[in-house]
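Source file: query.cif; contents: mmCIF, C-alpha atoms and all ligand atoms.
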```cif
data_query
loop_
_atom_site.group_PDB
_atom_site.id
_atom_site.type_symbol
_atom_site.label_atom_id
_atom_site.label_comp_id
_atom_site.auth_asym_id
_atom_site.auth_seq_id
_atom_site.Cartn_x
_atom_site.Cartn_y
_atom_site.Cartn_z
ATOM 1 C CA MET A 139 8.591 48.093 -42.564
ATOM 2 C CA THR A 140 5.529 46.068 -41.810
ATOM 3 C CA ARG A 141 2.926 45.361 -44.419
ATOM 4 C CA ARG A 142 -0.682 46.035 -43.787
ATOM 5 C CA HIS A 143 -2.998 43.071 -43.653
ATOM 6 C CA ASN A 144 -6.157 44.859 -44.599
ATOM 7 C CA GLN A 145 -8.108 42.031 -46.172
ATOM 8 C CA PRO A 146 -8.247 39.709 -43.192
ATOM 9 C CA LEU A 147 -11.399 37.866 -44.159
ATOM 10 C CA ALA A 148 -10.277 36.510 -47.532
ATOM 11 C CA TYR A 149 -10.029 32.914 -46.242
ATOM 12 C CA PRO A 150 -9.777 31.349 -42.825
ATOM 13 C CA GLY A 151 -6.486 30.253 -41.375
ATOM 14 C CA VAL A 152 -4.417 31.055 -38.305
ATOM 15 C CA VAL A 153 -4.106 34.543 -36.872
ATOM 16 C CA SER A 154 -1.977 35.634 -33.940
ATOM 17 C CA PHE A 155 -1.995 38.599 -31.598
ATOM 18 C CA ASP A 156 0.406 39.856 -28.981
ATOM 19 C CA PHE A 157 -1.289 40.408 -25.606
ATOM 20 C CA ASP A 158 0.266 43.287 -23.612
ATOM 21 C CA ASP A 159 -0.445 46.671 -25.197
ATOM 22 C CA THR A 160 -1.930 44.999 -28.260
ATOM 23 C CA LEU A 161 -5.144 43.362 -26.980
ATOM 24 C CA MET A 162 -4.953 44.668 -23.387
ATOM 25 C CA GLU A 163 -3.505 47.844 -21.902
ATOM 26 C CA ALA A 164 -0.845 46.230 -19.766
ATOM 27 C CA HIS A 165 -1.137 48.575 -16.803
ATOM 28 C CA THR A 166 -4.911 49.063 -16.677
ATOM 29 C CA GLY A 167 -6.288 45.737 -17.873
ATOM 30 C CA HIS A 168 -8.592 47.550 -20.262
ATOM 31 C CA PRO A 169 -9.175 46.041 -23.683
ATOM 32 C CA ILE A 170 -7.798 47.873 -26.698
ATOM 33 C CA LEU A 171 -11.127 47.695 -28.442
ATOM 34 C CA PRO A 172 -10.179 48.024 -32.126
ATOM 35 C CA LEU A 173 -7.785 45.097 -31.745
ATOM 36 C CA VAL A 174 -10.264 43.070 -29.675
ATOM 37 C CA HIS A 175 -12.912 43.696 -32.333
ATOM 38 C CA LEU A 176 -10.475 42.669 -35.048
ATOM 39 C CA ALA A 177 -9.673 39.429 -33.216
ATOM 40 C CA ARG A 178 -13.415 38.729 -32.887
ATOM 41 C CA ARG A 179 -13.857 39.314 -36.613
ATOM 42 C CA TYR A 180 -11.215 36.694 -37.347
ATOM 43 C CA LEU A 181 -12.952 34.259 -34.975
ATOM 44 C CA ALA A 182 -16.299 34.906 -36.643
ATOM 45 C CA ALA A 183 -14.705 34.215 -40.025
ATOM 46 C CA GLY A 184 -13.476 30.824 -38.833
ATOM 47 C CA TYR A 185 -9.853 31.641 -38.077
ATOM 48 C CA ASP A 186 -7.959 29.892 -35.298
ATOM 49 C CA LEU A 187 -7.073 32.614 -32.811
ATOM 50 C CA HIS A 188 -3.706 32.442 -31.095
ATOM 51 C CA ILE A 189 -2.042 34.775 -28.635
ATOM 52 C CA VAL A 190 1.748 34.722 -28.752
ATOM 53 C CA THR A 191 3.131 36.651 -25.792
ATOM 54 C CA ALA A 192 6.719 37.157 -24.660
ATOM 55 C CA ARG A 193 5.580 36.590 -21.086
ATOM 56 C CA CYS A 194 6.668 33.474 -19.263
ATOM 57 C CA GLU A 195 3.935 30.990 -18.464
ATOM 58 C CA HIS A 196 3.743 31.842 -14.757
ATOM 59 C CA GLU A 197 3.181 35.472 -15.762
ATOM 60 C CA GLY A 198 -0.013 34.426 -17.556
ATOM 61 C CA LYS A 199 -1.736 33.571 -14.298
ATOM 62 C CA ARG A 200 -2.598 37.249 -13.895
ATOM 63 C CA ALA A 201 -3.569 39.373 -16.863
ATOM 64 C CA LEU A 202 -2.642 42.647 -15.187
ATOM 65 C CA TRP A 203 1.068 43.131 -15.386
ATOM 66 C CA GLY A 204 2.878 42.888 -12.052
ATOM 67 C CA LEU A 205 -0.184 42.206 -9.894
ATOM 68 C CA ASP A 206 -0.791 39.072 -7.863
ATOM 69 C CA TRP A 207 -4.582 39.242 -8.126
ATOM 70 C CA GLY A 208 -7.112 39.438 -10.896
ATOM 71 C CA PRO A 209 -8.017 37.289 -13.868
ATOM 72 C CA SER A 210 -5.645 35.048 -15.754
ATOM 73 C CA LEU A 211 -4.979 35.618 -19.436
ATOM 74 C CA GLU A 212 -7.498 32.886 -20.236
ATOM 75 C CA GLU A 213 -10.139 34.499 -18.018
ATOM 76 C CA TRP A 214 -9.463 37.895 -19.522
ATOM 77 C CA CYS A 215 -9.968 36.447 -23.009
ATOM 78 C CA TRP A 216 -13.184 34.773 -21.847
ATOM 79 C CA ARG A 217 -14.410 38.056 -20.362
ATOM 80 C CA TRP A 218 -13.857 39.866 -23.665
ATOM 81 C CA ARG A 219 -15.222 37.021 -25.792
ATOM 82 C CA LEU A 220 -11.941 36.088 -27.371
ATOM 83 C CA THR A 221 -12.561 32.358 -27.360
ATOM 84 C CA PRO A 222 -11.561 29.829 -28.383
ATOM 85 C CA VAL A 223 -7.968 30.960 -28.130
ATOM 86 C CA GLN A 224 -4.638 29.219 -27.752
ATOM 87 C CA ILE A 225 -2.023 31.068 -25.714
ATOM 88 C CA HIS A 226 1.711 30.612 -26.246
ATOM 89 C CA TYR A 227 4.364 31.965 -23.881
ATOM 90 C CA THR A 228 7.796 32.578 -25.429
ATOM 91 C CA CYS A 229 9.297 33.770 -22.123
ATOM 92 C CA ARG A 230 11.189 36.726 -23.698
ATOM 93 C CA GLU A 231 12.257 34.736 -26.760
ATOM 94 C CA ARG A 232 11.506 36.067 -30.226
ATOM 95 C CA LYS A 233 8.174 35.018 -31.638
ATOM 96 C CA SER A 234 9.080 33.970 -35.176
ATOM 97 C CA LYS A 235 9.683 30.311 -34.277
ATOM 98 C CA ILE A 236 6.296 29.685 -32.707
ATOM 99 C CA LEU A 237 4.564 31.719 -35.410
ATOM 100 C CA GLN A 238 6.125 29.442 -38.030
ATOM 101 C CA GLU A 239 5.099 26.360 -36.053
ATOM 102 C CA ILE A 240 1.457 27.385 -35.782
ATOM 103 C CA GLY A 241 1.381 28.633 -39.380
ATOM 104 C CA ALA A 242 0.231 32.147 -38.518
ATOM 105 C CA GLU A 243 -0.720 34.133 -41.588
ATOM 106 C CA VAL A 244 -0.396 37.368 -39.690
ATOM 107 C CA HIS A 245 0.652 38.507 -36.230
ATOM 108 C CA TYR A 246 -0.341 41.830 -34.653
ATOM 109 C CA ASP A 247 2.103 43.356 -32.167
ATOM 110 C CA ASP A 248 3.186 46.673 -30.659
ATOM 111 C CA ASP A 249 6.850 45.701 -30.299
ATOM 112 C CA LEU A 250 8.996 46.910 -33.201
ATOM 113 C CA TYR A 251 11.815 44.550 -32.295
ATOM 114 C CA MET A 252 9.446 41.573 -32.493
ATOM 115 C CA LEU A 253 7.943 42.844 -35.732
ATOM 116 C CA GLU A 254 11.366 43.215 -37.348
ATOM 117 C CA ASP A 255 12.256 39.658 -36.366
ATOM 118 C CA ILE A 256 8.946 38.403 -37.749
ATOM 119 C CA GLU A 257 9.516 40.177 -41.081
ATOM 120 C CA ARG A 258 13.103 38.893 -41.237
ATOM 121 C CA HIS A 259 11.717 35.360 -41.128
ATOM 122 C CA GLY A 260 9.362 36.028 -44.033
ATOM 123 C CA LEU A 261 6.285 36.217 -41.838
ATOM 124 C CA ASN A 262 3.577 38.845 -41.919
ATOM 125 C CA GLY A 263 3.745 41.170 -38.931
ATOM 126 C CA VAL A 264 1.447 44.136 -38.503
ATOM 127 C CA ASN A 265 2.069 47.015 -36.138
ATOM 128 C CA MET A 266 -1.075 47.328 -34.040
ATOM 129 C CA LEU A 267 -0.826 51.119 -34.429
ATOM 130 C CA HIS A 268 -1.940 50.651 -38.047
ATOM 131 C CA VAL A 269 -5.220 49.245 -36.738
ATOM 132 C CA LEU A 270 -5.641 52.143 -34.301
ATOM 133 C CA GLU A 271 -4.824 54.717 -36.966
ATOM 134 C CA CYS A 272 -7.033 53.272 -39.669
ATOM 135 C CA PRO A 273 -9.501 50.782 -38.175
ATOM 136 C CA GLU A 274 -11.817 50.905 -41.189
ATOM 137 C CA ALA A 275 -9.024 49.458 -43.355
ATOM 138 C CA PHE A 276 -9.222 46.383 -41.129
ATOM 139 C CA GLY A 277 -13.004 46.283 -41.044
ATOM 140 C CA VAL A 278 -13.330 47.404 -37.407
HETATM 141 MG MG MG B 301 3.163 43.994 -26.497
#
```
What is this structure when it is put down as structure tokens?
Amino acid sequence: MTRRHNQPLAYPGVVSFDFDDTLMEAHTGHPILPLVHLARRYLAAGYDLHIVTARCEHEGKRALWGLDWGPSLEEWCWRWRLTPVQIHYTCRERKSKILQEIGAEVHYDDDLYMLEDIERHGLNGVNMLHVLECPEAFGV
């Protein structure tokens, strides 16, 4: 069971988001606007924005999954004003280790397996569906 993180602007720190199907629809390239707006709110509040993706680094050269053209992850983030951002590629590994290393207060993800691992390590994982279902609770 993931906890809600519905007071994100209490004090600045480090926040992390998954990329595919959390910030971007993996097969269309479209932004998932409530999550993009939430990430921008954290940036505006002085948080360090990180993306922790299970992609491998070479898969970050193209934002759209499985295509060999189009913007990179960095360019996609620039396009949607998610900068500055640091992008970490776990290459299918679980995300708890890097989240501990960067000191993420909270990580938003759509992957229940990743979220369970994050919770098991005492970290704060939020299912991105909570943001879609109740955006006003997150201020977006
Ligand atoms: Mg995902």
### From A:Ile189, A:Asn262, A:Leu253, A:His165, residue lying nearest Pro222 in chain A [only C-alpha atoms]
A:Ile189
Enumerate, in order of chain and increasing residue number, the residues of chain A with an atom no farther than 6 Å from ligand MG 301 (chain B), each with its shortest atom pair and distance in Å to one decimal, counting all atoms listed in the file, as a Markdown table.
```
| residue | atom | partner | partner_atom | distance |
| --- | --- | --- | --- | --- |
| A:Asp156 | CA | B:MG301 | MG | 5.6 |
| A:Phe157 | CA | B:MG301 | MG | 5.8 |
| A:Asp158 | CA | B:MG301 | MG | 4.1 |
| A:Asp159 | CA | B:MG301 | MG | 4.7 |
| A:Thr160 | CA | B:MG301 | MG | 5.5 |
| A:Asp247 | CA | B:MG301 | MG | 5.8 |
| A:Asp248 | CA | B:MG301 | MG | 4.9 |
| A:Asp249 | CA | B:MG301 | MG | 5.6 |
```
### Query
With all atoms listed in the file as the basis for distance, which of A:Gly167, A:Arg232, A:Leu173, A:Glu195 is at the shortest distance from Glu271 in chain A?
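Using all atoms listed in the file, the shortest distance to Glu271 in chain A belongs to A:Leu173.
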### Hits from the PyMOL selection byres (((chain A and resi 187) around 7) and not hetatm), listed as a list in words
Val152, Val153, Ser154, Leu181, Tyr185, Asp186, His188, Ile189, Pro222, Val223 and Gln224 of chain A
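Going from CA of Glu239 in chain A over to CA of Cys215 in chain A, you cover 22.3 Å.
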### Message
My list of candidates is A:Ser210, A:Ser234, A:Thr228, A:Asn265. Which is closest to Leu250 in chain A when distances are computed with all atoms listed in the file?
### Response
A:Asn265
### Task
Dump as a PyMOL selection string all residues having an atom at most 12 Å from (6.8, 30.6, -41.8), computed in the file's coordinates with only C-alpha atoms.
chain A and resi 152+233-245+255-263
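When CA of Arg230 in chain A is paired with CA of Glu254 in chain A, their separation reads 15.1 Å.
Residues matched by the PyMOL selection byres (((chain A and resi 211) around 6) and not hetatm) in this file: A:Gly198, A:Ala201, A:Ser210, A:Glu212, A:Glu213, A:Trp214.
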